[in-house]
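**Student:** Next comes protein.cif, mmCIF, C-alpha atoms:
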```cif
data_start
#
loop_
_atom_site.label_atom_id
_atom_site.label_comp_id
_atom_site.auth_asym_id
_atom_site.auth_seq_id
_atom_site.Cartn_x
_atom_site.Cartn_y
_atom_site.Cartn_z
CA MET M 1 272.69 39.19 83.30
CA GLN M 2 269.21 39.41 84.74
CA MET M 3 266.47 40.90 82.59
CA GLY M 4 266.20 44.63 82.96
CA LEU M 5 269.77 45.23 84.10
CA GLU M 6 272.25 46.70 81.67
CA SER M 7 275.36 44.72 80.80
CA PRO M 8 278.40 47.01 80.67
CA ASP M 9 281.69 45.88 79.21
CA PHE M 10 283.61 45.60 82.48
CA GLN M 11 287.33 46.37 82.33
CA VAL M 12 288.72 44.80 85.51
CA TYR M 13 286.26 41.99 86.18
CA ARG M 14 288.29 38.90 87.10
CA GLY M 15 285.61 36.22 87.18
CA SER M 16 285.37 33.42 84.65
CA GLU M 17 281.60 33.64 84.05
CA PRO M 18 279.64 36.80 83.25
CA PRO M 19 278.25 38.24 86.49
CA ARG M 20 274.52 37.83 87.04
CA PHE M 21 273.55 40.66 89.35
CA VAL M 22 270.33 40.42 91.26
CA SER M 23 269.92 44.13 91.92
CA GLN M 24 270.62 47.55 90.51
CA ALA M 25 272.72 48.30 93.58
CA GLU M 26 275.05 45.37 92.87
CA LEU M 27 275.42 46.51 89.28
CA GLU M 28 276.17 50.03 90.46
CA CYS M 29 278.78 48.77 92.91
CA ALA M 30 280.44 46.73 90.16
CA LYS M 31 280.53 49.80 87.95
CA VAL M 32 282.12 51.84 90.75
CA LEU M 33 284.85 49.24 91.32
CA ASP M 34 285.45 49.06 87.59
CA TYR M 35 285.53 52.84 87.32
CA TYR M 36 288.29 53.09 89.92
CA GLY M 37 290.22 50.19 88.41
CA ILE M 38 289.86 47.84 91.38
CA PRO M 39 289.85 44.23 90.08
CA TRP M 40 286.77 42.38 91.31
CA GLU M 41 284.91 39.10 91.17
CA TYR M 42 281.22 38.51 91.76
CA GLU M 43 280.08 35.97 94.36
CA PRO M 44 283.04 33.64 93.84
CA ARG M 45 282.71 31.77 97.12
CA THR M 46 280.03 30.58 99.54
CA PHE M 47 281.02 30.22 103.18
CA VAL M 48 279.29 27.62 105.32
CA LEU M 49 278.39 29.25 108.62
CA GLU M 50 276.56 26.44 110.36
CA GLU M 51 276.05 22.69 109.82
CA ASP M 52 274.03 20.10 111.64
CA GLU M 53 275.65 17.00 113.14
CA ASP M 54 275.23 15.16 109.82
CA GLY M 55 277.13 17.84 107.98
CA ARG M 56 274.09 19.36 106.29
CA VAL M 57 274.44 23.06 105.74
CA LEU M 58 272.10 25.05 107.96
CA GLU M 59 273.39 28.49 107.16
CA ALA M 60 275.70 29.85 104.49
CA PHE M 61 276.81 33.22 103.28
CA THR M 62 277.94 34.37 99.85
CA PRO M 63 279.50 37.84 99.88
CA ASP M 64 278.65 39.86 96.79
CA PHE M 65 282.16 40.78 95.70
CA TYR M 66 285.74 39.66 96.09
CA LEU M 67 288.63 42.07 95.51
CA PRO M 68 291.64 39.85 94.73
CA GLU M 69 294.25 42.61 95.04
CA GLN M 70 292.96 43.41 98.51
CA ASP M 71 292.12 39.79 99.34
CA LEU M 72 288.86 41.22 100.62
CA TYR M 73 285.24 40.07 100.39
CA VAL M 74 282.65 42.83 100.19
CA GLU M 75 278.98 42.56 101.01
CA LEU M 76 276.88 45.37 99.63
CA THR M 77 273.98 46.61 101.65
CA VAL M 78 271.42 49.25 100.80
CA MET M 79 268.98 48.00 103.41
CA LYS M 80 267.50 49.68 106.42
CA GLN M 81 269.42 49.47 109.67
CA SER M 82 267.54 46.48 111.12
CA LEU M 83 268.49 44.35 108.14
CA VAL M 84 272.05 45.65 108.22
CA THR M 85 272.20 44.38 111.77
CA ARG M 86 271.23 40.92 110.52
CA LYS M 87 273.98 41.09 107.90
CA ASN M 88 276.45 42.18 110.54
CA ARG M 89 275.53 39.12 112.57
CA LYS M 90 276.34 36.92 109.56
CA LEU M 91 279.63 38.71 109.09
CA ARG M 92 280.53 38.11 112.73
CA LYS M 93 279.77 34.40 112.30
CA LEU M 94 281.88 34.30 109.16
CA ARG M 95 284.81 36.00 110.89
CA ALA M 96 284.54 33.63 113.83
CA ARG M 97 284.59 30.52 111.63
CA TYR M 98 287.04 31.85 109.02
CA PRO M 99 289.35 34.17 110.96
CA ASP M 100 291.74 34.53 108.03
CA VAL M 101 289.04 35.79 105.69
CA LYS M 102 288.68 39.56 105.37
CA VAL M 103 285.12 40.74 104.77
CA LYS M 104 283.52 44.17 104.96
CA LEU M 105 280.14 45.72 104.44
CA PHE M 106 279.89 48.30 101.68
CA TYR M 107 277.08 50.68 102.43
CA LYS M 108 274.83 52.70 100.19
CA ARG M 109 276.45 55.77 101.69
CA ASP M 110 279.87 54.61 100.44
CA LEU M 111 278.46 54.43 96.94
CA GLU M 112 276.84 57.81 97.32
CA ARG M 113 280.05 59.41 98.53
CA LEU M 114 281.91 58.02 95.55
CA ALA M 115 279.16 59.30 93.32
CA GLN M 116 279.60 62.70 94.97
CA HIS M 117 275.92 63.18 95.54
CA PHE M 118 273.40 61.85 97.94
CA HIS M 119 270.34 61.06 95.91
CA LEU M 120 271.33 57.87 94.11
CA ASP M 121 268.34 55.66 93.51
CA LEU M 122 269.66 52.24 94.45
CA ALA M 123 266.37 50.69 95.40
CA SER M 124 266.03 47.25 93.95
CA MET L 1 278.84 72.13 114.65
CA TYR L 2 281.32 69.26 114.60
CA LEU L 3 284.68 71.07 114.60
CA SER L 4 285.12 74.80 115.15
CA ALA L 5 287.40 76.95 113.02
CA GLU L 6 289.75 77.15 116.00
CA GLU L 7 289.90 73.36 116.43
CA LEU L 8 290.55 72.92 112.72
CA ALA L 9 293.26 75.56 112.70
CA ALA L 10 295.01 74.07 115.72
CA ARG L 11 295.14 70.59 114.20
CA VAL L 12 296.21 71.85 110.79
CA ARG L 13 299.05 73.79 112.44
CA GLU L 14 300.17 70.55 114.12
CA LEU L 15 300.08 68.69 110.82
CA GLY L 16 302.00 71.46 109.07
CA ALA L 17 304.70 71.36 111.73
CA GLU L 18 304.88 67.55 111.56
CA ILE L 19 305.24 67.53 107.78
CA GLY L 20 307.81 70.29 108.08
CA ARG L 21 309.88 68.17 110.48
CA ASP L 22 309.56 65.03 108.34
CA TYR L 23 310.64 66.82 105.16
CA ALA L 24 313.26 69.11 106.68
CA GLY L 25 315.96 69.72 104.10
CA ALA L 26 313.71 68.57 101.28
CA GLU L 27 311.31 70.57 99.16
CA PRO L 28 308.14 68.50 99.01
CA LEU L 29 305.34 69.07 96.55
CA LEU L 30 301.86 69.27 98.01
CA VAL L 31 299.32 67.95 95.52
CA GLY L 32 295.78 68.99 96.32
CA SER L 33 293.04 66.71 95.11
CA LEU L 34 290.29 69.09 94.06
CA LYS L 35 287.98 70.27 94.97
CA ALA L 36 287.07 69.93 98.62
CA SER L 37 290.69 69.89 99.81
CA PHE L 38 291.45 73.44 98.69
CA VAL L 39 290.75 75.08 102.07
CA PHE L 40 292.74 72.46 103.97
CA LEU L 41 295.59 72.70 101.48
CA ALA L 42 295.76 76.47 101.76
CA ASP L 43 295.93 76.33 105.56
CA LEU L 44 298.30 73.36 105.61
CA SER L 45 300.68 75.06 103.20
CA ARG L 46 300.82 78.20 105.36
CA ALA L 47 301.41 76.05 108.44
CA MET L 48 304.49 74.39 106.94
CA PRO L 49 307.74 76.07 107.97
CA ILE L 50 309.72 74.72 105.00
CA VAL L 51 309.91 75.59 101.33
CA HIS L 52 307.52 73.48 99.30
CA GLY L 53 305.66 73.43 96.02
CA LEU L 54 301.94 73.35 95.32
CA ASP L 55 299.96 71.77 92.54
CA PHE L 56 296.49 70.37 91.97
CA VAL L 57 294.78 67.44 90.32
CA GLU L 58 291.12 66.79 89.76
CA LEU L 59 289.58 63.44 88.96
CA ALA L 60 286.13 62.94 87.54
CA GLY L 61 284.10 61.37 90.32
CA TYR L 62 281.92 58.39 89.55
CA GLY L 63 278.45 59.48 88.54
CA SER L 64 279.43 63.13 88.19
CA ALA L 65 278.45 65.24 85.21
CA GLN L 66 282.16 65.45 84.41
CA MET L 67 282.29 61.67 84.11
CA GLY L 68 280.50 62.22 80.82
CA GLY L 69 279.58 58.59 80.27
CA HIS L 70 283.18 57.37 80.59
CA GLU L 71 283.40 53.99 82.28
CA GLN L 72 286.97 54.50 83.45
CA ILE L 73 288.14 57.24 85.75
CA ARG L 74 289.86 60.17 84.08
CA VAL L 75 291.88 63.17 85.06
CA LEU L 76 290.08 66.47 84.60
CA LYS L 77 292.99 68.61 85.74
CA ASP L 78 296.50 67.16 85.63
CA LEU L 79 299.62 68.34 87.42
CA ASP L 80 301.49 71.27 85.96
CA VAL L 81 304.87 70.23 87.36
CA ASP L 82 307.02 67.15 86.89
CA VAL L 83 307.07 64.96 90.00
CA ARG L 84 310.04 62.82 88.99
CA ASP L 85 312.41 62.51 91.98
CA ARG L 86 310.21 64.81 94.04
CA ASP L 87 308.78 64.10 97.50
CA VAL L 88 305.04 64.23 96.89
CA VAL L 89 302.40 64.71 99.57
CA VAL L 90 298.88 64.19 98.27
CA VAL L 91 296.45 66.35 100.20
CA GLU L 92 292.95 64.96 100.52
CA ASP L 93 289.84 66.30 102.20
CA VAL L 94 288.73 62.84 103.33
CA VAL L 95 289.73 59.23 102.85
CA ASP L 96 287.08 56.56 103.37
CA THR L 97 286.94 53.65 100.91
CA GLY L 98 290.33 54.72 99.57
CA LEU L 99 289.32 54.06 95.95
CA THR L 100 290.03 57.60 94.77
CA LEU L 101 293.32 57.96 96.64
CA ASN L 102 294.40 54.52 95.45
CA TYR L 103 293.88 55.55 91.85
CA LEU L 104 295.68 58.85 92.37
CA VAL L 105 298.67 57.27 94.10
CA ARG L 106 299.01 54.56 91.45
CA THR L 107 298.84 57.21 88.72
CA LEU L 108 301.47 59.39 90.40
CA GLU L 109 303.75 56.41 91.06
CA LEU L 110 304.01 55.86 87.31
CA ARG L 111 305.77 59.25 87.15
CA SER L 112 308.59 58.12 89.44
CA PRO L 113 308.41 60.47 92.42
CA ARG L 114 311.11 59.95 95.06
CA THR L 115 308.52 59.37 97.76
CA ILE L 116 304.77 59.63 97.99
CA ALA L 117 302.64 60.13 101.07
CA ALA L 118 299.15 61.39 101.77
CA ALA L 119 297.72 63.88 104.22
CA THR L 120 294.00 63.93 104.85
CA LEU L 121 291.96 66.26 106.95
CA LEU L 122 289.33 63.62 107.72
CA ASP L 123 289.68 59.86 107.84
CA ARG L 124 287.21 57.00 108.05
CA PRO L 125 289.59 54.05 108.28
CA TYR L 126 286.74 51.69 109.18
CA ARG L 127 285.24 52.25 105.71
CA ARG L 128 288.43 51.31 103.86
CA LEU L 129 288.26 48.90 100.94
CA VAL L 130 291.85 49.55 99.87
CA ASP L 131 294.23 49.25 102.78
CA ASP L 132 297.71 49.66 101.40
CA LEU L 133 297.59 53.43 101.08
CA PRO L 134 300.37 55.82 102.16
CA VAL L 135 298.12 57.81 104.51
CA ARG L 136 300.72 59.31 106.83
CA TYR L 137 299.06 62.46 108.18
CA VAL L 138 295.50 62.45 109.51
CA GLY L 139 293.68 65.43 110.90
CA PHE L 140 290.66 63.78 112.46
CA VAL L 141 289.11 60.32 112.43
CA VAL L 142 285.43 61.05 111.98
CA PRO L 143 282.15 59.13 112.24
CA ASP L 144 280.19 57.96 109.24
CA GLU L 145 278.34 61.25 108.85
CA LEU L 146 278.02 63.94 106.21
CA PHE L 147 279.88 67.20 106.67
CA VAL L 148 279.80 70.62 105.09
CA GLY L 149 282.05 73.63 105.53
CA TYR L 150 285.85 74.03 105.42
CA GLY L 151 285.75 73.06 101.74
CA PHE L 152 283.14 70.32 102.04
CA ASP L 153 279.92 70.85 100.13
CA LEU L 154 276.54 69.50 99.35
CA ASP L 155 275.70 70.26 95.74
CA GLU L 156 278.40 72.97 95.74
CA ARG L 157 276.96 74.83 98.71
CA TRP L 158 278.51 75.69 102.10
CA ARG L 159 282.14 75.14 101.15
CA GLN L 160 282.92 78.62 102.48
CA LEU L 161 281.86 77.97 106.08
CA PRO L 162 284.89 78.36 108.36
CA ASP L 163 283.97 75.41 110.57
CA LEU L 164 282.96 71.82 109.89
CA ARG L 165 279.30 71.06 110.39
CA LEU L 166 277.31 67.86 110.51
CA LEU L 167 274.64 67.57 107.86
CA ARG L 168 271.49 65.61 108.49
CA LEU L 169 269.52 64.73 105.39
CA SER L 170 265.82 64.16 105.80
#
```
Please, can you express the file's structure as C-alpha coordinates?
**Tutor:**
Amino acid sequence: MQMGLESPDFQVYRGSEPPRFVSQAELECAKVLDYYGIPWEYEPRTFVLEEDEDGRVLEAFTPDFYLPEQDLYVELTVMKQSLVTRKNRKLRKLRARYPDVKVKLFYKRDLERLAQHFHLDLAS
Amino acid sequence: MYLSAEELAARVRELGAEIGRDYAGAEPLLVGSLKASFVFLADLSRAMPIVHGLDFVELAGYGSAQMGGHEQIRVLKDLDVDVRDRDVVVVEDVVDTGLTLNYLVRTLELRSPRTIAAATLLDRPYRRLVDDLPVRYVGFVVPDELFVGYGFDLDERWRQLPDLRLLRLS
(Lines of atoms letter the chains of each structure in order from A and count residues from 1; the text may use other names and numbers.)
(Lines give C-alpha, C1' and ligand atoms only; values in the text may rest on other atoms or scores of the structure.)
Protein backbone atom coordinates (compact mmCIF):
# COMPACT_ATOMS: atom_id res chain seq x y z
CA MET A 1 0.00 0.00 0.00
CA GLN A 2 1.32 3.42 -0.93
CA MET A 3 2.18 5.83 1.85
CA GLY A 4 -0.75 7.92 2.93
CA LEU A 5 -3.47 5.52 1.78
CA GLU A 6 -5.32 3.48 4.35
CA SER A 7 -5.18 -0.30 4.13
CA PRO A 8 -8.61 -1.80 4.83
CA ASP A 9 -9.09 -5.48 5.45
CA PHE A 10 -10.78 -6.34 2.15
CA GLN A 11 -13.36 -9.13 2.24
CA VAL A 12 -13.71 -10.17 -1.40
CA TYR A 13 -10.32 -9.25 -2.85
CA ARG A 14 -9.20 -12.16 -5.03
CA GLY A 15 -5.64 -11.17 -5.86
CA SER A 16 -2.59 -12.98 -4.54
CA GLU A 17 -0.58 -9.88 -3.57
CA PRO A 18 -1.82 -6.96 -1.47
CA PRO A 19 -3.10 -4.23 -3.80
CA ARG A 20 -0.90 -1.15 -4.12
CA PHE A 21 -3.26 1.63 -5.11
CA VAL A 22 -1.85 4.73 -6.68
CA SER A 23 -4.77 7.02 -5.87
CA GLN A 24 -7.50 7.66 -3.36
CA ALA A 25 -10.05 7.09 -6.11
CA GLU A 26 -8.78 3.56 -6.75
CA LEU A 27 -8.92 2.81 -3.04
CA GLU A 28 -12.46 4.17 -2.88
CA CYS A 29 -13.51 2.06 -5.86
CA ALA A 30 -12.04 -1.05 -4.23
CA LYS A 31 -13.95 -0.27 -1.05
CA VAL A 32 -17.18 0.12 -3.02
CA LEU A 33 -16.73 -3.24 -4.76
CA ASP A 34 -15.90 -4.84 -1.44
CA TYR A 35 -18.90 -3.20 0.21
CA TYR A 36 -21.28 -4.68 -2.34
CA GLY A 37 -19.60 -8.08 -2.21
CA ILE A 38 -18.33 -8.08 -5.79
CA PRO A 39 -15.10 -10.13 -5.93
CA TRP A 40 -12.29 -8.10 -7.48
CA GLU A 41 -8.62 -8.13 -8.41
CA TYR A 42 -6.33 -5.15 -8.84
CA GLU A 43 -4.39 -4.69 -12.09
CA PRO A 44 -3.98 -8.42 -12.73
CA ARG A 45 -3.19 -8.13 -16.43
CA THR A 46 -1.46 -5.79 -18.87
CA PHE A 47 -2.68 -5.79 -22.45
CA VAL A 48 -0.25 -4.99 -25.24
CA LEU A 49 -1.95 -2.57 -27.60
CA GLU A 50 0.81 -1.89 -30.09
CA GLU A 51 4.22 -3.38 -30.94
CA ASP A 52 6.88 -2.42 -33.41
CA GLU A 53 8.09 -4.84 -36.09
CA ASP A 54 10.68 -6.26 -33.67
CA GLY A 55 8.01 -7.08 -31.15
CA ARG A 56 8.89 -4.28 -28.74
CA VAL A 57 5.89 -2.97 -26.89
CA LEU A 58 4.97 0.54 -27.99
CA GLU A 59 1.75 0.86 -26.09
CA ALA A 60 0.13 -1.16 -23.32
CA PHE A 61 -2.83 -0.82 -21.05
CA THR A 62 -3.44 -2.16 -17.55
CA PRO A 63 -7.05 -1.81 -16.44
CA ASP A 64 -7.38 -0.99 -12.75
CA PHE A 65 -9.71 -3.80 -11.71
CA TYR A 66 -10.85 -7.21 -12.82
CA LEU A 67 -14.17 -8.65 -11.64
CA PRO A 68 -13.82 -12.43 -12.02
CA GLU A 69 -17.51 -13.23 -11.51
CA GLN A 70 -18.39 -10.83 -14.31
CA ASP A 71 -15.26 -11.61 -16.35
CA LEU A 72 -15.00 -7.85 -16.70
CA TYR A 73 -12.07 -5.42 -16.59
CA VAL A 74 -12.81 -2.00 -15.14
CA GLU A 75 -10.85 1.17 -15.67
CA LEU A 76 -11.59 3.87 -13.15
CA THR A 77 -11.56 7.44 -14.30
CA VAL A 78 -12.06 10.60 -12.30
CA MET A 79 -10.45 12.77 -14.95
CA LYS A 80 -11.80 15.62 -16.97
CA GLN A 81 -13.54 14.80 -20.23
CA SER A 82 -10.54 15.36 -22.51
CA LEU A 83 -8.54 12.74 -20.64
CA VAL A 84 -11.52 10.39 -20.55
CA THR A 85 -11.54 10.64 -24.32
CA ARG A 86 -7.92 9.47 -24.36
CA LYS A 87 -8.83 6.53 -22.13
CA ASN A 88 -11.74 5.71 -24.38
CA ARG A 89 -9.35 5.57 -27.32
CA LYS A 90 -7.22 3.04 -25.43
CA LEU A 91 -10.29 1.00 -24.63
CA ARG A 92 -11.28 0.96 -28.30
CA LYS A 93 -7.80 -0.28 -29.20
CA LEU A 94 -8.01 -2.95 -26.54
CA ARG A 95 -11.41 -4.12 -27.77
CA ALA A 96 -10.16 -4.22 -31.34
CA ARG A 97 -7.12 -6.33 -30.47
CA TYR A 98 -8.79 -8.47 -27.78
CA PRO A 99 -12.41 -8.78 -28.92
CA ASP A 100 -13.20 -11.41 -26.30
CA VAL A 101 -12.12 -9.19 -23.42
CA LYS A 102 -14.85 -7.19 -21.70
CA VAL A 103 -13.71 -3.82 -20.37
CA LYS A 104 -15.64 -0.80 -19.13
CA LEU A 105 -14.92 2.63 -17.77
CA PHE A 106 -16.10 3.30 -14.23
CA TYR A 107 -16.68 6.99 -13.79
CA LYS A 108 -16.48 9.21 -10.76
CA ARG A 109 -20.21 9.71 -11.15
CA ASP A 110 -20.79 5.97 -10.74
CA LEU A 111 -18.95 6.10 -7.44
CA GLU A 112 -20.87 9.17 -6.39
CA ARG A 113 -24.20 7.56 -7.20
CA LEU A 114 -23.30 4.53 -5.14
CA ALA A 115 -22.23 6.84 -2.35
CA GLN A 116 -25.63 8.53 -2.65
CA HIS A 117 -24.19 11.99 -2.66
CA PHE A 118 -22.41 14.13 -5.14
CA HIS A 119 -19.58 15.76 -3.28
CA LEU A 120 -17.08 12.93 -2.90
CA ASP A 121 -13.55 14.22 -2.90
CA LEU A 122 -11.78 11.76 -5.16
CA ALA A 123 -9.03 14.04 -6.32
CA SER A 124 -5.71 12.30 -6.23
CA MET B 1 -38.05 18.99 -17.24
CA TYR B 2 -37.08 15.55 -18.49
CA LEU B 3 -40.34 13.59 -18.11
CA SER B 4 -43.69 15.14 -17.27
CA ALA B 5 -46.07 13.67 -14.72
CA GLU B 6 -48.30 12.61 -17.60
CA GLU B 7 -45.47 10.80 -19.43
CA LEU B 8 -44.46 9.04 -16.22
CA ALA B 9 -48.03 8.02 -15.47
CA ALA B 10 -48.59 6.66 -18.97
CA ARG B 11 -45.47 4.49 -18.87
CA VAL B 12 -46.14 3.26 -15.35
CA ARG B 13 -49.67 2.25 -16.41
CA GLU B 14 -48.14 0.24 -19.27
CA LEU B 15 -45.72 -1.47 -16.90
CA GLY B 16 -48.49 -2.24 -14.43
CA ALA B 17 -50.58 -3.82 -17.18
CA GLU B 18 -47.59 -5.82 -18.45
CA ILE B 19 -46.75 -7.17 -15.00
CA GLY B 20 -50.42 -7.93 -14.48
CA ARG B 21 -50.48 -10.01 -17.67
CA ASP B 22 -47.24 -11.82 -16.83
CA TYR B 23 -48.39 -12.74 -13.34
CA ALA B 24 -52.04 -13.44 -14.12
CA GLY B 25 -53.28 -16.12 -11.75
CA ALA B 26 -50.40 -15.54 -9.38
CA GLU B 27 -50.12 -13.16 -6.45
CA PRO B 28 -46.72 -11.53 -6.80
CA LEU B 29 -45.01 -9.59 -4.06
CA LEU B 30 -43.69 -6.17 -5.02
CA VAL B 31 -40.59 -5.35 -2.99
CA GLY B 32 -39.73 -1.68 -3.01
CA SER B 33 -36.11 -0.79 -2.50
CA LEU B 34 -36.25 2.35 -0.39
CA LYS B 35 -36.19 5.09 -0.58
CA ALA B 36 -36.41 6.69 -4.00
CA SER B 37 -38.65 3.96 -5.44
CA PHE B 38 -41.59 4.70 -3.16
CA VAL B 39 -43.44 6.98 -5.60
CA PHE B 40 -42.92 4.59 -8.52
CA LEU B 41 -43.98 1.65 -6.38
CA ALA B 42 -47.16 3.36 -5.25
CA ASP B 43 -48.16 4.19 -8.83
CA LEU B 44 -47.08 0.81 -10.19
CA SER B 45 -49.07 -1.03 -7.55
CA ARG B 46 -52.23 0.92 -8.39
CA ALA B 47 -51.67 0.25 -12.09
CA MET B 48 -51.60 -3.52 -11.60
CA PRO B 49 -54.96 -5.16 -12.22
CA ILE B 50 -54.15 -8.27 -10.16
CA VAL B 51 -53.97 -9.03 -6.46
CA HIS B 52 -50.45 -8.57 -5.16
CA GLY B 53 -48.52 -7.94 -1.98
CA LEU B 54 -46.26 -5.05 -1.03
CA ASP B 55 -43.19 -4.90 1.14
CA PHE B 56 -40.05 -2.81 1.46
CA VAL B 57 -36.34 -3.22 2.04
CA GLU B 58 -33.70 -0.61 2.65
CA LEU B 59 -29.98 -1.12 2.28
CA ALA B 60 -27.34 1.15 3.72
CA GLY B 61 -25.74 2.86 0.74
CA TYR B 62 -21.98 3.06 0.54
CA GLY B 63 -20.71 6.21 2.20
CA SER B 64 -24.06 7.02 3.79
CA ALA B 65 -24.41 8.02 7.41
CA GLN B 66 -26.36 4.80 7.90
CA MET B 67 -23.34 2.82 6.75
CA GLY B 68 -21.93 3.68 10.16
CA GLY B 69 -18.38 2.58 9.41
CA HIS B 70 -19.43 -0.92 8.33
CA GLU B 71 -17.31 -2.24 5.49
CA GLN B 72 -19.96 -4.67 4.28
CA ILE B 73 -23.39 -3.73 3.07
CA ARG B 74 -26.20 -4.24 5.54
CA VAL B 75 -29.95 -4.25 5.57
CA LEU B 76 -31.50 -1.30 7.39
CA LYS B 77 -35.08 -2.41 6.86
CA ASP B 78 -35.78 -6.07 6.12
CA LEU B 79 -38.89 -7.63 4.61
CA ASP B 80 -41.84 -8.21 6.89
CA VAL B 81 -43.20 -11.15 4.90
CA ASP B 82 -41.78 -14.54 4.00
CA VAL B 83 -40.90 -14.77 0.30
CA ARG B 84 -40.52 -18.55 0.17
CA ASP B 85 -42.35 -19.86 -2.93
CA ARG B 86 -43.56 -16.36 -3.77
CA ASP B 87 -43.15 -14.56 -7.10
CA VAL B 88 -41.08 -11.53 -6.16
CA VAL B 89 -40.76 -8.36 -8.21
CA VAL B 90 -38.10 -6.02 -6.88
CA VAL B 91 -39.04 -2.43 -7.64
CA GLU B 92 -36.12 -0.07 -8.14
CA ASP B 93 -35.97 3.63 -8.91
CA VAL B 94 -32.91 3.23 -11.14
CA VAL B 95 -30.44 0.55 -12.14
CA ASP B 96 -27.03 1.65 -13.36
CA THR B 97 -23.96 -0.28 -12.17
CA GLY B 98 -26.28 -2.98 -10.84
CA LEU B 99 -24.24 -3.44 -7.65
CA THR B 100 -27.13 -2.68 -5.30
CA LEU B 101 -29.69 -4.75 -7.20
CA ASN B 102 -27.21 -7.61 -7.48
CA TYR B 103 -26.78 -7.67 -3.72
CA LEU B 104 -30.52 -7.47 -3.13
CA VAL B 105 -31.33 -10.25 -5.59
CA ARG B 106 -28.64 -12.54 -4.18
CA THR B 107 -29.93 -11.89 -0.66
CA LEU B 108 -33.54 -12.61 -1.63
CA GLU B 109 -32.57 -15.74 -3.56
CA LEU B 110 -31.26 -17.24 -0.33
CA ARG B 111 -34.87 -17.16 0.93
CA SER B 112 -36.11 -19.43 -1.87
CA PRO B 113 -38.69 -17.36 -3.73
CA ARG B 114 -40.44 -19.14 -6.60
CA THR B 115 -39.30 -16.51 -9.09
CA ILE B 116 -37.56 -13.18 -8.85
CA ALA B 117 -37.64 -10.32 -11.32
CA ALA B 118 -36.95 -6.61 -11.19
CA ALA B 119 -38.82 -3.57 -12.39
CA THR B 120 -37.03 -0.26 -12.61
CA LEU B 121 -38.36 3.13 -13.51
CA LEU B 122 -35.04 4.29 -14.96
CA ASP B 123 -32.26 2.25 -16.50
CA ARG B 124 -28.70 3.03 -17.54
CA PRO B 125 -27.69 -0.30 -19.07
CA TYR B 126 -24.52 1.22 -20.52
CA ARG B 127 -23.22 1.79 -16.97
CA ARG B 128 -23.69 -1.83 -15.90
CA LEU B 129 -20.89 -3.63 -14.08
CA VAL B 130 -23.05 -6.62 -13.18
CA ASP B 131 -24.88 -7.96 -16.19
CA ASP B 132 -26.71 -11.06 -15.08
CA LEU B 133 -29.57 -9.26 -13.37
CA PRO B 134 -33.26 -10.16 -13.73
CA VAL B 135 -34.27 -6.70 -14.96
CA ARG B 136 -37.50 -7.53 -16.77
CA TYR B 137 -39.48 -4.28 -16.69
CA VAL B 138 -37.91 -0.94 -17.61
CA GLY B 139 -39.68 2.38 -17.61
CA PHE B 140 -37.16 4.55 -19.40
CA VAL B 141 -33.56 4.20 -20.52
CA VAL B 142 -32.03 7.51 -19.50
CA PRO B 143 -28.80 9.41 -20.16
CA ASP B 144 -26.01 9.69 -17.64
CA GLU B 145 -27.53 12.69 -15.89
CA LEU B 146 -28.80 13.50 -12.42
CA PHE B 147 -32.53 13.61 -11.80
CA VAL B 148 -34.79 14.87 -9.06
CA GLY B 149 -38.52 14.53 -8.55
CA TYR B 150 -40.86 11.51 -8.64
CA GLY B 151 -39.04 10.13 -5.60
CA PHE B 152 -35.52 11.10 -6.66
CA ASP B 153 -33.70 13.52 -4.40
CA LEU B 154 -30.59 15.50 -3.88
CA ASP B 155 -29.77 15.59 -0.19
CA GLU B 156 -33.40 14.60 0.58
CA ARG B 157 -34.90 17.50 -1.35
CA TRP B 158 -37.33 17.53 -4.29
CA ARG B 159 -38.59 13.97 -3.95
CA GLN B 160 -42.15 15.33 -3.95
CA LEU B 161 -42.03 16.89 -7.43
CA PRO B 162 -44.59 15.16 -9.66
CA ASP B 163 -42.33 15.14 -12.72
CA LEU B 164 -38.74 14.11 -13.33
CA ARG B 165 -36.30 16.94 -13.75
CA LEU B 166 -32.70 17.13 -14.87
CA LEU B 167 -30.32 18.50 -12.29
CA ARG B 168 -27.23 20.39 -13.32
CA LEU B 169 -24.63 20.78 -10.60
CA SER B 170 -22.29 23.72 -10.86
**Student:** I'd like to see the residues matched by the PyMOL selection byres ((chain M) within 8 of (chain L)) on this file, and ideally I'd get them as a ChimeraX atom specification.
**Tutor:** /M:31-32,34-38,70,72,104,106,110,114-117
**Student:** For atom CA of M:Thr85 and atom CA of M:Glu59, determine how far apart the two atoms are, in Å to one decimal place.
**Tutor:**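 Straight-line distance from atom CA of M:Thr85 to atom CA of M:Glu59 works out to 16.6 Å.
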**Student:** Quick check on the file I pasted: which residues fall under the PyMOL selection byres ((chain L and resi 33-37) around 6)? Write them as a list of chain:residue names.
**Tutor:**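 Going through the file, the PyMOL selection byres ((chain L and resi 33-37) around 6) ends up selecting L:Gly32, L:Phe38, L:Val39, L:Phe40, L:Leu41, L:Phe56, L:Val57, L:Glu58, L:Glu92, L:Asp93, L:Gly151, L:Phe152.
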**Student:** Contacts of stretch 26-31 of chain L at 8 Å or less, counting all atoms listed in the file, minus same-chain residues fewer than 4 places along, as a list of chain:residue names?
**Tutor:**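 Counting all atoms listed in the file, the residues come to L:Leu41, L:Ser45, L:Ile50, L:Val51, L:His52, L:Gly53, L:Leu54, L:Asp55, L:Phe56, L:Val57, L:Val83, L:Arg86, L:Asp87, L:Val88, L:Val89, L:Val90, L:Val91.
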**Student:** One number please: atom CA of L:Arg124 to atom CA of L:Val138, in Å, one decimal.
**Tutor:**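 One can read the atom CA of L:Arg124 to atom CA of L:Val138 distance as 10.0 Å.
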**Student:** Specify as an NGL selection string each residue included when the PyMOL selection byres ((chain M and resi 74) around 8) is applied to this file.
**Tutor:** :M and (63-67 or 72-73 or 75-76 or 103-106)
**Student:** Please produce an output containing C-alpha atoms for each residue in the selection, written as an mmCIF file, in the coordinates of the input.
**Tutor:**
```
data_model
loop_
_atom_site.group_PDB
_atom_site.id
_atom_site.type_symbol
_atom_site.label_atom_id
_atom_site.label_comp_id
_atom_site.auth_asym_id
_atom_site.auth_seq_id
_atom_site.Cartn_x
_atom_site.Cartn_y
_atom_site.Cartn_z
ATOM 1 C CA PRO M 63 279.500 37.840 99.880
ATOM 2 C CA ASP M 64 278.650 39.860 96.790
ATOM 3 C CA PHE M 65 282.160 40.780 95.700
ATOM 4 C CA TYR M 66 285.740 39.660 96.090
ATOM 5 C CA LEU M 67 288.630 42.070 95.510
ATOM 6 C CA LEU M 72 288.860 41.220 100.620
ATOM 7 C CA TYR M 73 285.240 40.070 100.390
ATOM 8 C CA GLU M 75 278.980 42.560 101.010
ATOM 9 C CA LEU M 76 276.880 45.370 99.630
ATOM 10 C CA VAL M 103 285.120 40.740 104.770
ATOM 11 C CA LYS M 104 283.520 44.170 104.960
ATOM 12 C CA LEU M 105 280.140 45.720 104.440
ATOM 13 C CA PHE M 106 279.890 48.300 101.680
#
```
**Student:** One decimal, in Å: what's the spacing between atom CA of L:Ala117 and atom CA of L:Pro134?
**Tutor:**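 Spanning atom CA of L:Ala117 to atom CA of L:Pro134 is a straight-line distance of 5.0 Å.
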**Student:** Taking all atoms listed in the file into account, which of M:Val57, M:Leu33, M:Leu83, M:Ala25 comes nearest M:Gln11?
**Tutor:** M:Leu33
